[in-house]
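These notes concern the structure reproduced below.
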Amino acid sequence: MALHHAAQEKSNEGIKFSALATAIEQDSQNGDKNARQLMTLFRGADELMGFLGSLGRTVSGNGGMERVVSAYSGEDQDVDIGFWNIEWFNRRWEEKLDSVARIVVEMNLDIWVFVESSQEATDALARHLAEKYNVLTWRVFASQDAAPELQITTVMWNSATVEVSQLAWPEKVHRWFNVSSRDFGSLGLEAVHGKVFDRFPALFQVNTRLAGAASRFNLVPIHLKAKDEGSCAAAWRRGCWLRL
C-alpha cells in the first residue's frame with residue numbers, strides 16, 4: 001500500500017507506507033516522542049527492510065526520503081540471525097511448510113537456526129522458497145547426521161549475503177562430547193547409562209562483509225529443553241532475532 005503524492009499523464013505515483021514507517025522509525029530512534037507514538041500504528045514488517053527495520057544502520061542524506069533510500073540500501077551493514085523452535089518441524093513439516101516459508105520471506109533475515117528440525121524438513125523448506133517465492137539462494141546444514149524422526153538443529157542461510165561452513169570441534173572439546181557415563185563408574189551417576197551427550201551442538205563459521213570489511217564469527221546452535229513453561233529454557237523454545 002502507498003500514499004499518493006503525484007500524478008503524470010498516464011500514471012499515479014505513491015510512496016510505500018513501509019517507507020514512511022522507516023522514516024518515522026528513524027525519528028523515533030533519534031528521540032522524537034511523536035514519532036515513537038506513531039510507530040504503534042504500524043504492524044508487520046517490510047520484506048525489503050527485514051524484521052529489524054533500520055535499527056543500527058547508519059544513513060546518509062540531508063533529510064527527507066534520501067535517508068530512507070540509504071536505510072534500504074544499508075543491508076551490508078548488518079547480519080540478521082533468527083533462532084526459531086518450530087515444534088516438531090522434523091515430523092510435521094509438510095503441514096507447516098508454507099506458513100514457515102512466508103515468515104522467512106517477510107522477515108528477510110540472513111541466517112535461520114531451526115530447533116526441533118531435520119535435514120529433510122529444512123531441505124524441503126529451501127526448495128519451497130525457490131519454487132513458490134523464487135528465492136534461489138538458501139543453503140542448508142544439519143547439526144549432525146540423524147534420522148528424520150530425531151529432533152536436531154539445522155542452519156539455513158542466504159548465500160547472497162553470507163557464507164556458512166561447518167567446522168570440527170577441537171579435540172579437547174570433542175572428546176568430552178563423546179563421553180559415556182560408563183567411563184565414570186566411581187561417580188555413581190544415576191539414570192544415565194551410556195553416552196551423556198546423545199546429540200551435541202555443531203560448530204559453524206559465518207563469513208560475510210560488514211560495511212565493506214571482511215567479518216567472521218562462530219555460530220553454535222543449542223537446543224535447550226524446558227522442564228516446564230515457567231523455566232528460562234521455555235522462553236528460548238519459541239524464538240528470538242538479533243542483528244549484528
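Ligands are numbered from 1 in the order shown, residues from 1 within each chain, and chains are lettered A, B, ... in the order they appear in the C-alpha cells.
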*Neighbours of region 24-28 of chain A within 9 Å (only C-alpha atoms; same-chain residues fewer than 5 positions away dropped), as a list of chain:residue names?*
A:Ala19, A:Lys33, A:Asn34, A:Ala35, A:Arg36, A:Gln37, A:Leu38, A:Met39, A:Gly53, A:Ser54, A:Leu55, A:Arg67, A:Val68
*asked:* If DSSP is run on the backbone, what residues of region 17-211 of chain A are alpha helix (DSSP H)? A reply as a VMD selection string would be ideal.
replied: chain A and resid 17 to 29 33 to 38 66 to 72 89 to 107 119 to 133 171 to 177
*Kindly indicate which residue among A:Met156, A:Ala2, A:Leu219, A:Leu244 lies nearest to Phe204 (chain A), using only C-alpha atoms for the distances.*
A:Leu219
*asked:* Could you list, as a VMD selection string, every residue within 7 Å of region 137-147 of chain A, counting only C-alpha atoms and ignoring same-chain residues fewer than 2 positions away?
replied: chain A and resid 118 to 119 122 to 123 126 135 149 to 150 152 to 160 201 to 202
*Where in region 77-124 of chain A does DSSP assign strand (DSSP E), given as a PyMOL selection string?*
chain A and resi 80-85+111-117
Emit the selected residues as a JSON list (two decimals), in the first residue's frame, including C-alpha atoms.
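Here's the written file part-v5.json:
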```json
[["chain", "number", "residue", "atom", "x", "y", "z"],
["A", 80, "ASP", "CA", 20.34, -10.64, 10.90],
["A", 81, "ILE", "CA", 20.01, -14.04, 12.62],
["A", 82, "GLY", "CA", 16.86, -15.81, 13.78],
["A", 83, "PHE", "CA", 16.60, -18.73, 16.24],
["A", 84, "TRP", "CA", 13.24, -20.45, 15.91],
["A", 85, "ASN", "CA", 11.86, -23.52, 17.64],
["A", 111, "ILE", "CA", 20.61, -16.79, 8.77],
["A", 112, "TRP", "CA", 17.99, -19.04, 10.35],
["A", 113, "VAL", "CA", 18.64, -21.61, 13.08],
["A", 114, "PHE", "CA", 15.77, -24.08, 13.42],
["A", 115, "VAL", "CA", 15.20, -26.21, 16.51],
["A", 116, "GLU", "CA", 13.20, -29.48, 16.55],
["A", 117, "SER", "CA", 14.08, -29.76, 12.87]]
```
*Excluding same-chain residues fewer than 4 positions from region 96-109 of chain A, what lies within 7 Å of it counting only C-alpha atoms, as an MDAnalysis selection string?*
chainID A and resid 45:47 50:51 80:82 92 125 129
*Pick the closest to Ala214 (chain A) from A:Gln77, A:Glu13, A:Ser165, A:Phe89: which is it, counting only C-alpha atoms?*
A:Gln77
